[in-house]
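Colleague: This is the content of final_2.cif (mmCIF, C-alpha atoms):
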```cif
data_coords
loop_
_atom_site.label_atom_id
_atom_site.label_comp_id
_atom_site.auth_asym_id
_atom_site.auth_seq_id
_atom_site.Cartn_x
_atom_site.Cartn_y
_atom_site.Cartn_z
CA LYS A 761 154.99 145.22 87.36
CA LYS A 762 156.69 148.30 88.82
CA ARG A 763 155.38 150.68 86.18
CA PHE A 764 151.78 149.92 87.20
CA LEU A 765 152.33 150.42 90.93
CA SER A 766 152.39 154.22 90.79
CA GLY A 767 148.61 154.24 90.49
CA ILE A 768 147.88 151.37 92.82
CA SER A 769 146.95 153.65 95.71
CA ASN A 770 144.02 154.85 93.65
CA ILE A 771 142.89 151.28 93.00
CA LEU A 772 143.39 149.54 96.36
CA PRO A 773 140.25 149.65 98.53
CA GLY A 774 140.65 151.09 101.99
CA LYS A 775 140.24 148.85 105.02
CA LYS A 776 137.56 151.14 106.47
CA PHE A 777 135.45 150.69 103.36
CA CYS A 778 135.73 146.90 103.52
CA ARG A 779 134.51 146.85 107.13
CA GLN A 780 131.48 149.03 106.65
CA ASN A 781 128.21 147.36 107.52
CA MET A 782 126.41 147.78 104.21
CA LYS A 783 123.68 145.76 102.55
CA VAL A 784 124.81 144.60 99.12
CA ALA A 785 122.71 142.78 96.54
CA VAL A 786 124.51 140.63 93.98
CA LEU A 787 122.39 140.10 90.87
CA TYR A 788 123.12 136.99 88.83
CA GLY A 789 121.62 134.32 86.60
CA GLY A 790 118.91 135.96 84.52
CA THR A 791 117.43 134.51 81.37
CA SER A 792 120.03 135.31 78.70
CA ALA A 793 122.04 132.79 76.72
CA GLU A 794 124.90 133.52 79.10
CA ARG A 795 123.00 132.45 82.22
CA LYS A 796 125.43 129.65 83.14
CA VAL A 797 128.41 132.00 82.96
CA SER A 798 126.54 134.56 85.08
CA LEU A 799 125.79 131.94 87.73
CA GLN A 800 129.53 131.33 88.07
CA THR A 801 130.34 135.04 88.18
CA GLY A 802 127.60 135.81 90.69
CA SER A 803 128.52 132.96 93.01
CA ALA A 804 132.18 134.04 93.08
CA VAL A 805 131.32 137.72 93.63
CA PHE A 806 128.79 136.85 96.36
CA ALA A 807 131.37 134.77 98.24
CA ALA A 808 133.87 137.65 98.04
CA VAL A 809 131.29 140.21 99.20
CA GLN A 810 130.46 138.02 102.18
CA SER A 811 134.14 137.51 102.98
CA LEU A 812 134.63 141.28 102.95
CA GLY A 813 132.10 141.57 105.75
CA PHE A 814 129.10 142.99 103.92
CA ASP A 815 125.52 141.95 104.54
CA ALA A 816 125.13 140.25 101.17
CA THR A 817 122.06 138.95 99.35
CA LEU A 818 122.17 136.89 96.14
CA ILE A 819 119.29 137.49 93.73
CA ASP A 820 118.60 135.48 90.57
CA THR A 821 116.98 137.90 88.14
CA ALA A 822 115.28 135.12 86.15
CA ASP A 823 112.11 135.92 88.12
CA LYS A 824 111.55 139.59 87.25
CA GLU A 825 108.71 140.26 89.69
CA ASP A 826 110.62 138.67 92.56
CA THR A 827 113.75 140.63 91.65
CA LEU A 828 111.88 143.93 91.60
CA SER A 829 110.17 143.14 94.90
CA LYS A 830 113.46 142.30 96.61
CA LEU A 831 115.18 145.41 95.27
CA GLN A 832 112.32 147.63 96.40
CA SER A 833 112.06 146.16 99.90
CA GLY A 834 115.63 145.07 100.59
CA GLY A 835 117.05 148.39 101.77
CA PHE A 836 120.23 147.79 99.79
CA ASP A 837 123.05 150.31 99.92
CA LYS A 838 124.71 148.98 96.76
CA VAL A 839 124.05 146.52 93.95
CA PHE A 840 126.70 144.48 92.14
CA PRO A 841 125.25 143.32 88.79
CA ALA A 842 127.01 140.05 88.00
CA LEU A 843 124.90 139.49 84.92
CA HIS A 844 125.96 138.72 81.36
CA GLY A 845 123.99 139.20 78.17
CA ARG A 846 120.56 140.64 77.54
CA GLY A 847 118.56 141.97 80.43
CA GLY A 848 121.62 142.46 82.58
CA GLU A 849 124.44 143.86 80.47
CA ASP A 850 122.44 145.93 78.00
CA GLY A 851 121.12 148.76 80.16
CA VAL A 852 117.86 147.12 81.24
CA ILE A 853 118.73 146.32 84.86
CA GLN A 854 120.71 149.55 85.04
CA GLY A 855 117.53 151.44 84.14
CA VAL A 856 115.66 149.66 86.93
CA LEU A 857 118.35 150.59 89.45
CA GLU A 858 118.38 154.20 88.29
CA PHE A 859 114.59 154.34 88.71
CA LEU A 860 114.88 152.88 92.23
CA GLN A 861 117.87 155.13 92.97
CA ILE A 862 120.03 152.30 94.29
CA PRO A 863 123.77 152.81 93.66
CA TYR A 864 125.15 150.12 91.39
CA CYS A 865 128.51 149.08 89.96
CA GLY A 866 129.59 149.52 86.38
CA SER A 867 128.34 151.51 83.43
CA GLY A 868 125.02 153.32 83.24
CA VAL A 869 122.11 152.71 80.90
CA PHE A 870 123.62 154.28 77.79
CA GLY A 871 127.15 152.91 78.15
CA SER A 872 125.81 149.42 78.87
CA ALA A 873 123.51 149.50 75.84
CA LEU A 874 126.30 150.68 73.54
CA GLY A 875 128.82 148.16 74.87
CA MET A 876 126.37 145.29 74.37
CA ASP A 877 125.71 146.21 70.74
CA LYS A 878 128.76 145.60 68.56
CA TYR A 879 127.13 147.35 65.60
CA LYS A 880 126.41 150.52 67.56
CA THR A 881 129.90 150.34 69.07
CA LYS A 882 131.38 150.44 65.57
CA GLN A 883 129.12 153.29 64.50
CA VAL A 884 130.09 155.43 67.50
CA LEU A 885 133.82 154.79 67.21
CA LEU A 886 133.82 155.43 63.46
CA SER A 887 131.84 158.66 63.92
CA LEU A 888 134.63 160.09 66.07
CA SER A 889 137.08 160.14 63.15
CA ASP A 890 139.84 159.26 65.62
CA SER A 891 142.70 157.48 63.84
CA GLU A 892 143.47 155.50 67.01
CA LEU A 893 139.98 154.02 67.33
CA LYS A 894 140.01 151.56 64.45
CA VAL A 895 137.43 148.83 63.90
CA ALA A 896 137.34 146.04 61.34
CA ASN A 897 135.52 146.71 58.06
CA TYR A 898 132.05 145.20 58.22
CA GLU A 899 128.71 144.62 56.55
CA LEU A 900 125.29 143.90 58.04
CA LEU A 901 123.90 140.54 56.95
CA LYS A 902 120.26 139.89 56.16
CA THR A 903 118.42 137.01 54.55
CA ASN A 904 118.35 138.84 51.23
CA SER A 905 121.93 140.14 51.39
CA ASP A 906 124.15 139.79 48.35
CA PHE A 907 126.57 137.41 50.02
CA GLU A 908 128.81 137.21 46.97
CA ALA A 909 129.24 140.99 46.91
CA ILE A 910 130.05 140.94 50.64
CA VAL A 911 132.79 138.40 50.02
CA ASP A 912 134.16 140.64 47.27
CA ARG A 913 134.21 143.66 49.61
CA LEU A 914 135.55 142.02 52.76
CA GLY A 915 137.59 139.17 51.34
CA LEU A 916 137.92 135.73 52.93
CA PRO A 917 137.89 134.53 55.59
CA ILE A 918 135.09 136.52 57.25
CA MET A 919 134.09 136.66 60.91
CA VAL A 920 130.33 136.42 61.44
CA LYS A 921 128.79 137.36 64.78
CA PRO A 922 125.50 138.37 66.39
CA ALA A 923 125.70 142.08 67.22
CA ARG A 924 124.08 141.74 70.65
CA GLU A 925 125.42 138.53 72.12
CA GLY A 926 128.38 137.87 74.38
CA SER A 927 130.80 135.05 75.25
CA SER A 928 131.39 134.55 71.51
CA LEU A 929 128.02 132.81 71.21
CA GLY A 930 126.86 132.38 67.62
CA MET A 931 130.19 133.46 66.17
CA SER A 932 131.94 131.56 63.39
CA ARG A 933 134.62 131.93 60.75
CA ALA A 934 133.56 131.62 57.12
CA ASN A 935 136.21 130.49 54.66
CA SER A 936 133.95 130.37 51.61
CA LEU A 937 130.72 131.78 50.21
CA GLU A 938 128.77 128.73 51.33
CA GLU A 939 130.25 128.90 54.82
CA LEU A 940 129.27 132.57 55.00
CA LYS A 941 125.65 131.69 54.28
CA GLN A 942 125.72 128.96 56.93
CA ALA A 943 127.44 131.26 59.42
CA TYR A 944 124.62 133.75 58.94
CA VAL A 945 122.04 131.06 59.72
CA THR A 946 123.96 130.12 62.89
CA ALA A 947 124.28 133.71 64.08
CA ALA A 948 120.64 134.49 63.29
CA LYS A 949 119.58 131.95 65.92
CA HIS A 950 120.92 134.39 68.52
CA ASP A 951 120.04 137.82 67.12
CA ASP A 952 118.40 139.59 64.20
CA CYS A 953 121.33 141.98 63.76
CA ILE A 954 124.26 140.07 62.24
CA LEU A 955 127.72 141.43 61.45
CA ALA A 956 130.12 140.16 58.82
CA GLU A 957 133.60 141.47 59.60
CA GLN A 958 136.90 141.65 57.80
CA TRP A 959 139.17 138.93 59.20
CA LEU A 960 141.97 140.40 61.30
CA THR A 961 145.16 138.36 61.26
CA GLY A 962 147.16 139.51 64.29
CA SER A 963 147.28 138.59 67.96
CA GLU A 964 144.39 139.29 70.34
CA TYR A 965 144.84 141.17 73.60
CA THR A 966 142.50 142.26 76.34
CA VAL A 967 142.80 145.29 78.62
CA SER A 968 140.87 145.29 81.87
CA ILE A 969 139.58 148.54 83.32
CA LEU A 970 139.28 149.00 87.10
CA ALA A 971 138.28 152.29 88.72
CA ASP A 972 138.63 153.87 85.26
CA GLN A 973 142.30 152.83 85.06
CA ALA A 974 143.81 150.37 82.58
CA LEU A 975 145.39 147.23 84.07
CA PRO A 976 148.22 145.22 82.46
CA ALA A 977 147.27 143.76 79.09
CA ILE A 978 146.84 140.01 78.59
CA LYS A 979 147.61 138.26 75.32
CA LEU A 980 145.12 135.55 74.35
CA GLN A 981 146.57 132.55 72.56
CA PRO A 982 143.97 129.91 71.64
CA ALA A 983 145.04 126.37 70.79
CA ASP A 984 146.50 125.87 67.33
CA ASP A 985 143.35 124.13 66.11
CA ALA A 986 141.00 126.90 67.26
CA ALA A 987 139.74 129.23 64.54
CA PHE A 988 139.45 132.05 67.08
CA TYR A 989 138.83 132.73 70.78
CA ASP A 990 135.33 131.23 70.82
CA PHE A 991 132.97 129.98 73.55
CA GLU A 992 134.70 126.59 73.67
CA ALA A 993 138.11 128.20 74.06
CA LYS A 994 136.81 130.54 76.78
CA TYR A 995 134.83 128.15 78.95
CA VAL A 996 135.08 124.51 77.88
CA THR A 997 138.40 123.19 76.56
CA GLY A 998 140.76 125.12 78.83
CA THR A 999 143.38 125.15 76.06
CA THR A 1000 143.74 128.92 75.69
CA ASN A 1001 147.00 130.39 76.97
CA TYR A 1002 146.77 133.70 78.82
CA ILE A 1003 150.12 135.43 78.51
CA LEU A 1004 150.92 137.95 81.24
CA PRO A 1005 153.16 139.92 80.96
CA CYS A 1006 151.80 140.14 77.45
CA GLY A 1007 155.17 140.36 75.68
CA LEU A 1008 154.75 143.84 74.22
CA SER A 1009 157.33 146.53 74.74
CA GLU A 1010 156.51 149.03 77.48
CA GLU A 1011 155.76 151.67 74.87
CA ASN A 1012 153.43 149.41 72.86
CA GLU A 1013 151.59 148.16 75.91
CA GLN A 1014 151.01 151.69 77.15
CA LYS A 1015 149.68 152.61 73.70
CA LEU A 1016 147.34 149.62 73.78
CA GLN A 1017 146.08 150.61 77.23
CA GLN A 1018 145.59 154.21 76.13
CA ILE A 1019 143.46 153.19 73.13
CA ALA A 1020 141.44 150.71 75.19
CA LEU A 1021 140.69 153.30 77.87
CA LYS A 1022 139.77 155.87 75.21
CA ALA A 1023 137.31 153.47 73.57
CA PHE A 1024 135.84 152.63 76.98
CA LYS A 1025 135.25 156.28 77.83
CA GLN A 1026 134.02 157.30 74.37
CA LEU A 1027 131.26 154.70 74.67
CA ASN A 1028 130.27 156.33 77.97
CA CYS A 1029 131.35 153.30 79.99
CA GLN A 1030 132.27 153.75 83.63
CA GLY A 1031 133.95 152.12 86.59
CA TRP A 1032 135.12 148.74 85.43
CA GLY A 1033 135.04 146.53 82.36
CA ARG A 1034 137.25 145.03 79.67
CA VAL A 1035 138.21 146.04 76.15
CA ASP A 1036 139.20 143.36 73.64
CA MET A 1037 141.69 144.45 70.99
CA MET A 1038 143.59 142.95 68.07
CA GLU A 1039 146.82 143.91 66.37
CA HIS A 1040 146.51 143.89 62.58
CA ASN A 1041 149.19 145.09 60.17
CA GLY A 1042 150.82 147.20 62.86
CA ASP A 1043 147.63 148.92 64.04
CA TRP A 1044 145.35 148.31 67.01
CA TYR A 1045 141.69 147.48 66.35
CA VAL A 1046 138.87 147.55 68.90
CA LEU A 1047 136.93 144.27 68.84
CA GLU A 1048 134.42 144.98 71.58
CA VAL A 1049 133.88 146.64 74.94
CA ASN A 1050 132.61 144.45 77.79
CA THR A 1051 130.81 146.39 80.51
CA LEU A 1052 130.18 143.35 82.75
CA PRO A 1053 132.98 140.87 82.06
CA GLY A 1054 133.33 137.51 83.77
CA MET A 1055 134.35 137.70 87.42
CA THR A 1056 135.55 134.43 88.85
CA GLU A 1057 139.04 134.01 90.27
CA SER A 1058 140.18 132.60 86.90
CA SER A 1059 138.59 135.36 84.81
CA LEU A 1060 140.63 137.91 82.87
CA VAL A 1061 139.96 141.00 85.02
CA PRO A 1062 141.17 139.31 88.24
CA LYS A 1063 144.16 137.87 86.35
CA ALA A 1064 145.20 141.35 85.24
CA ALA A 1065 144.62 142.79 88.72
CA ALA A 1066 146.72 140.04 90.31
CA ALA A 1067 149.67 141.24 88.22
CA ILE A 1068 149.73 144.47 90.25
CA GLY A 1069 149.12 142.79 93.60
CA LEU A 1070 145.32 142.84 93.89
CA ASP A 1071 143.62 139.63 94.98
CA PHE A 1072 140.06 138.73 94.00
CA GLU A 1073 138.46 140.21 97.10
CA ALA A 1074 140.34 143.49 96.58
CA VAL A 1075 139.01 143.70 93.02
CA VAL A 1076 135.43 143.08 94.16
CA ALA A 1077 135.83 145.65 96.94
CA LYS A 1078 137.10 148.26 94.52
CA VAL A 1079 134.28 147.63 92.08
CA LEU A 1080 131.81 148.08 94.95
CA GLU A 1081 133.54 151.27 96.00
CA THR A 1082 132.79 152.81 92.61
CA ALA A 1083 129.05 152.10 92.80
CA SER A 1084 126.77 155.06 92.13
CA CYS A 1085 123.52 156.07 90.52
CA ASN A 1086 122.52 159.17 88.59
CA LYS A 1087 125.22 158.16 86.13
CA ASN A 1088 125.79 160.04 82.89
CA LEU A 1089 123.00 158.22 81.07
#
```
As structure tokens, how would this structure be written, given the file I've shared?

Modeller:
Amino acid sequence: KKRFLSGISNILPGKKFCRQNMKVAVLYGGTSAERKVSLQTGSAVFAAVQSLGFDATLIDTADKEDTLSKLQSGGFDKVFPALHGRGGEDGVIQGVLEFLQIPYCGSGVFGSALGMDKYKTKQVLLSLSDSELKVANYELLKTNSDFEAIVDRLGLPIMVKPAREGSSLGMSRANSLEELKQAYVTAAKHDDCILAEQWLTGSEYTVSILADQALPAIKLQPADDAAFYDFEAKYVTGTTNYILPCGLSEENEQKLQQIALKAFKQLNCQGWGRVDMMEHNGDWYVLEVNTLPGMTESSLVPKAAAAIGLDFEAVVAKVLETASCNKNL
């Protein structure tokens, strides 16, 4: 814990900020496949914003006209998007807030759009020719794809996932050619851009970003019978172990944090978020960058922040402190 405390003064919100009489809108719900998760995040954030003394308003963005009307007439000083998935995490609501010139938390339009799209994330990171920013080998799947050739190139098993979906929705592991075809059908219910990825065999870690600083890494250890860290493991069964401290040496953890923060910034992400990584054959691979990760008291960002002495309200306050508009789009 001590080695993270040197930067804590830059992360802790000041008392004066927490007492300011500001109007804050918390956006939640929406119409994406992750609506239920967003309702949990938004409710937790709203309660924290109220507890901090702000004049808080909770807005469900499922009704677009109502949302726009409230944002235009509400006189809000800041907006905390607590949305997950399409319409909230992909640059759409960020574009609305930029147009209305209301300061908001998190990444701007471009960073949000890139972070939401796993295919574009890979393309950007690969284009940098940075040996530290590794991603799994992949192929795009289509109805007429040569699935047999894809198996030959990537090997088995193969991870199949929608490119623009979160919370591991639509993801599955294919252990055979037939399972690959079925996995494509499953993923295609969620998106028309489907990735087939080389299976990575190491341990999965996540690095939370707060005020553009990397927090302590968390190792994710799903139950023995789980194929990977899927939606069930995240939200339903409760059998995933979150290991913090993560068990890495100080040097290796710092390296992991450095790579995660680099990926975050190279995708033009800002403020706060989370980068999921995997160790494979001694190297670190970027799985995805989350620009609006879950934010309940049991979520991964608050867990990491608690390791350096920040409670849930302090995390929410700091995220609000970083709100801005006119971001680097």

Colleague: Residue by residue, what does the PyMOL selection byres ((chain A and resi 788) around 9) grab here? Present the result as an MDAnalysis selection string.

Modeller: chainID A and resid 786:787 789:790 795 798:803 818:822 840:844 848

Colleague: I'd like to know which of A:Ser1058, A:Ser792, A:Ser867, A:Ser905 is closest to Gly1031 in chain A, using all atoms listed in the file.

Modeller: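 Distance minimum relative to Gly1031 in chain A lands on A:Ser867.
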
Colleague: Would you work out the distance separating CA of Ser968 in chain A from CA of Ser1009 in chain A, expressed in Å to one decimal?

Modeller: 18.0 Å

Colleague: Counting all atoms listed in the file, find the residues whose atoms lie at most 6 Å from (124.7, 145.9, 72.9) (file coordinates) and write them out as an NGL selection string.

Modeller: :A and (850 or 873-878 or 924)

Colleague: Counting only C-alpha atoms, which residues of range 945-1064 of chain A sit at most 12 Å from some atom of range 891-899 of chain A, and what is each one's closest atom pair with its distance in Å to one decimal, listed by chain and rising residue number, as JSON lines?

Modeller:
```
{"residue": "A:Cys953", "atom": "CA", "partner": "A:Glu899", "partner_atom": "CA", "distance": 10.6}
{"residue": "A:Ile954", "atom": "CA", "partner": "A:Glu899", "partner_atom": "CA", "distance": 8.5}
{"residue": "A:Leu955", "atom": "CA", "partner": "A:Glu899", "partner_atom": "CA", "distance": 5.9}
{"residue": "A:Ala956", "atom": "CA", "partner": "A:Glu899", "partner_atom": "CA", "distance": 5.2}
{"residue": "A:Glu957", "atom": "CA", "partner": "A:Tyr898", "partner_atom": "CA", "distance": 4.3}
{"residue": "A:Gln958", "atom": "CA", "partner": "A:Asn897", "partner_atom": "CA", "distance": 5.3}
{"residue": "A:Trp959", "atom": "CA", "partner": "A:Ala896", "partner_atom": "CA", "distance": 7.6}
{"residue": "A:Leu960", "atom": "CA", "partner": "A:Ala896", "partner_atom": "CA", "distance": 7.3}
{"residue": "A:Thr961", "atom": "CA", "partner": "A:Ala896", "partner_atom": "CA", "distance": 11.0}
{"residue": "A:Lys1015", "atom": "CA", "partner": "A:Glu892", "partner_atom": "CA", "distance": 9.6}
{"residue": "A:Leu1016", "atom": "CA", "partner": "A:Glu892", "partner_atom": "CA", "distance": 9.8}
{"residue": "A:Gln1017", "atom": "CA", "partner": "A:Glu892", "partner_atom": "CA", "distance": 11.6}
{"residue": "A:Gln1018", "atom": "CA", "partner": "A:Glu892", "partner_atom": "CA", "distance": 9.5}
{"residue": "A:Ile1019", "atom": "CA", "partner": "A:Glu892", "partner_atom": "CA", "distance": 6.5}
{"residue": "A:Ala1020", "atom": "CA", "partner": "A:Leu893", "partner_atom": "CA", "distance": 8.7}
{"residue": "A:Leu1021", "atom": "CA", "partner": "A:Leu893", "partner_atom": "CA", "distance": 10.6}
{"residue": "A:Lys1022", "atom": "CA", "partner": "A:Leu893", "partner_atom": "CA", "distance": 8.1}
{"residue": "A:Ala1023", "atom": "CA", "partner": "A:Leu893", "partner_atom": "CA", "distance": 6.8}
{"residue": "A:Phe1024", "atom": "CA", "partner": "A:Leu893", "partner_atom": "CA", "distance": 10.6}
{"residue": "A:Lys1025", "atom": "CA", "partner": "A:Leu893", "partner_atom": "CA", "distance": 11.7}
{"residue": "A:Gln1026", "atom": "CA", "partner": "A:Leu893", "partner_atom": "CA", "distance": 9.8}
{"residue": "A:Leu1027", "atom": "CA", "partner": "A:Leu893", "partner_atom": "CA", "distance": 11.4}
{"residue": "A:Asp1036", "atom": "CA", "partner": "A:Val895", "partner_atom": "CA", "distance": 11.3}
{"residue": "A:Met1037", "atom": "CA", "partner": "A:Val895", "partner_atom": "CA", "distance": 9.4}
{"residue": "A:Met1038", "atom": "CA", "partner": "A:Val895", "partner_atom": "CA", "distance": 9.5}
{"residue": "A:Glu1039", "atom": "CA", "partner": "A:Lys894", "partner_atom": "CA", "distance": 10.4}
{"residue": "A:His1040", "atom": "CA", "partner": "A:Ala896", "partner_atom": "CA", "distance": 9.5}
{"residue": "A:Asn1041", "atom": "CA", "partner": "A:Ala896", "partner_atom": "CA", "distance": 11.9}
{"residue": "A:Gly1042", "atom": "CA", "partner": "A:Lys894", "partner_atom": "CA", "distance": 11.8}
{"residue": "A:Asp1043", "atom": "CA", "partner": "A:Lys894", "partner_atom": "CA", "distance": 8.1}
{"residue": "A:Trp1044", "atom": "CA", "partner": "A:Lys894", "partner_atom": "CA", "distance": 6.8}
{"residue": "A:Tyr1045", "atom": "CA", "partner": "A:Lys894", "partner_atom": "CA", "distance": 4.8}
{"residue": "A:Val1046", "atom": "CA", "partner": "A:Val895", "partner_atom": "CA", "distance": 5.4}
{"residue": "A:Leu1047", "atom": "CA", "partner": "A:Val895", "partner_atom": "CA", "distance": 6.7}
{"residue": "A:Glu1048", "atom": "CA", "partner": "A:Val895", "partner_atom": "CA", "distance": 9.1}
{"residue": "A:Val1049", "atom": "CA", "partner": "A:Val895", "partner_atom": "CA", "distance": 11.8}
```

Colleague: Of the candidates A:Leu1060, A:Met919, A:Lys902, A:Ala943, which shows the shortest atom-to-atom distance to Lys979 in chain A, using all atoms listed in the file?

Modeller: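 For Lys979 in chain A, the nearest of the given residues is A:Leu1060.
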
Colleague: Which is closer to Gly845 in chain A than all the others in A:Asp890, A:Glu794, A:Glu1011, A:Glu858, using only C-alpha atoms?

Modeller: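 Of all the options, A:Glu794 lies closest to Gly845 in chain A.
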
Colleague: If I take CA of Pro863 in chain A and CA of Val839 in chain A, how far is one from the other in Å, to one decimal?

Modeller: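 Result for CA of Pro863 in chain A versus CA of Val839 in chain A: 6.3 Å, one decimal.
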
Colleague: Work out how far apart CA of Pro1053 in chain A and CA of Asn781 in chain A are and give it in Å to one decimal.

Modeller: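 Computing the Euclidean distance for CA of Pro1053 in chain A and CA of Asn781 in chain A yields 26.7 Å.
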
Colleague: Would you kindly translate the PyMOL selection byres ((chain A and resi 922) around 6) into the concrete residues it picks from this file, as a list in words?

Modeller: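 Applying the expression gives Lys921, Ala923, Arg924, Glu925, Ala947, Asp951 and Ile954 of chain A.
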
Colleague: For this structure, which residues satisfy the selection - the PyMOL selection byres ((chain A and resi 929-941) around 8) - when it is evaluated on the file as given? I want them as a list in words.

Modeller: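 After applying the PyMOL selection byres ((chain A and resi 929-941) around 8), what remains is Phe907, Glu908, Val911, Leu916, Pro917, Ile918, Met919, Val920, Lys921, Pro922, Glu925, Gly926, Ser927, Ser928, Gln942, Ala943, Tyr944, Val945, Thr946, Ala947, Ala948, Lys949, His950, Ala987, Phe988, Asp990 and Phe991 of chain A.
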
Colleague: The selected residues should be written to file as a PDB file, in the frame of the given file (atoms: C-alpha atoms).

Modeller:
```pdb
ATOM      1  CA  PHE A 907     126.570 137.410  50.020  1.00  0.00           C
ATOM      2  CA  GLU A 908     128.810 137.210  46.970  1.00  0.00           C
ATOM      3  CA  VAL A 911     132.790 138.400  50.020  1.00  0.00           C
ATOM      4  CA  LEU A 916     137.920 135.730  52.930  1.00  0.00           C
ATOM      5  CA  PRO A 917     137.890 134.530  55.590  1.00  0.00           C
ATOM      6  CA  ILE A 918     135.090 136.520  57.250  1.00  0.00           C
ATOM      7  CA  MET A 919     134.090 136.660  60.910  1.00  0.00           C
ATOM      8  CA  VAL A 920     130.330 136.420  61.440  1.00  0.00           C
ATOM      9  CA  LYS A 921     128.790 137.360  64.780  1.00  0.00           C
ATOM     10  CA  PRO A 922     125.500 138.370  66.390  1.00  0.00           C
ATOM     11  CA  GLU A 925     125.420 138.530  72.120  1.00  0.00           C
ATOM     12  CA  GLY A 926     128.380 137.870  74.380  1.00  0.00           C
ATOM     13  CA  SER A 927     130.800 135.050  75.250  1.00  0.00           C
ATOM     14  CA  SER A 928     131.390 134.550  71.510  1.00  0.00           C
ATOM     15  CA  GLN A 942     125.720 128.960  56.930  1.00  0.00           C
ATOM     16  CA  ALA A 943     127.440 131.260  59.420  1.00  0.00           C
ATOM     17  CA  TYR A 944     124.620 133.750  58.940  1.00  0.00           C
ATOM     18  CA  VAL A 945     122.040 131.060  59.720  1.00  0.00           C
ATOM     19  CA  THR A 946     123.960 130.120  62.890  1.00  0.00           C
ATOM     20  CA  ALA A 947     124.280 133.710  64.080  1.00  0.00           C
ATOM     21  CA  ALA A 948     120.640 134.490  63.290  1.00  0.00           C
ATOM     22  CA  LYS A 949     119.580 131.950  65.920  1.00  0.00           C
ATOM     23  CA  HIS A 950     120.920 134.390  68.520  1.00  0.00           C
ATOM     24  CA  ALA A 987     139.740 129.230  64.540  1.00  0.00           C
ATOM     25  CA  PHE A 988     139.450 132.050  67.080  1.00  0.00           C
ATOM     26  CA  ASP A 990     135.330 131.230  70.820  1.00  0.00           C
ATOM     27  CA  PHE A 991     132.970 129.980  73.550  1.00  0.00           C
TER      28      PHE A 991
END
```

Colleague: Out of A:Leu1004, A:Val1061, A:Ala974, A:Val784, which residue has the shortest atom-to-atom distance to Cys865 in chain A when counting only C-alpha atoms?

Modeller: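 Distance minimum relative to Cys865 in chain A lands on A:Val784.
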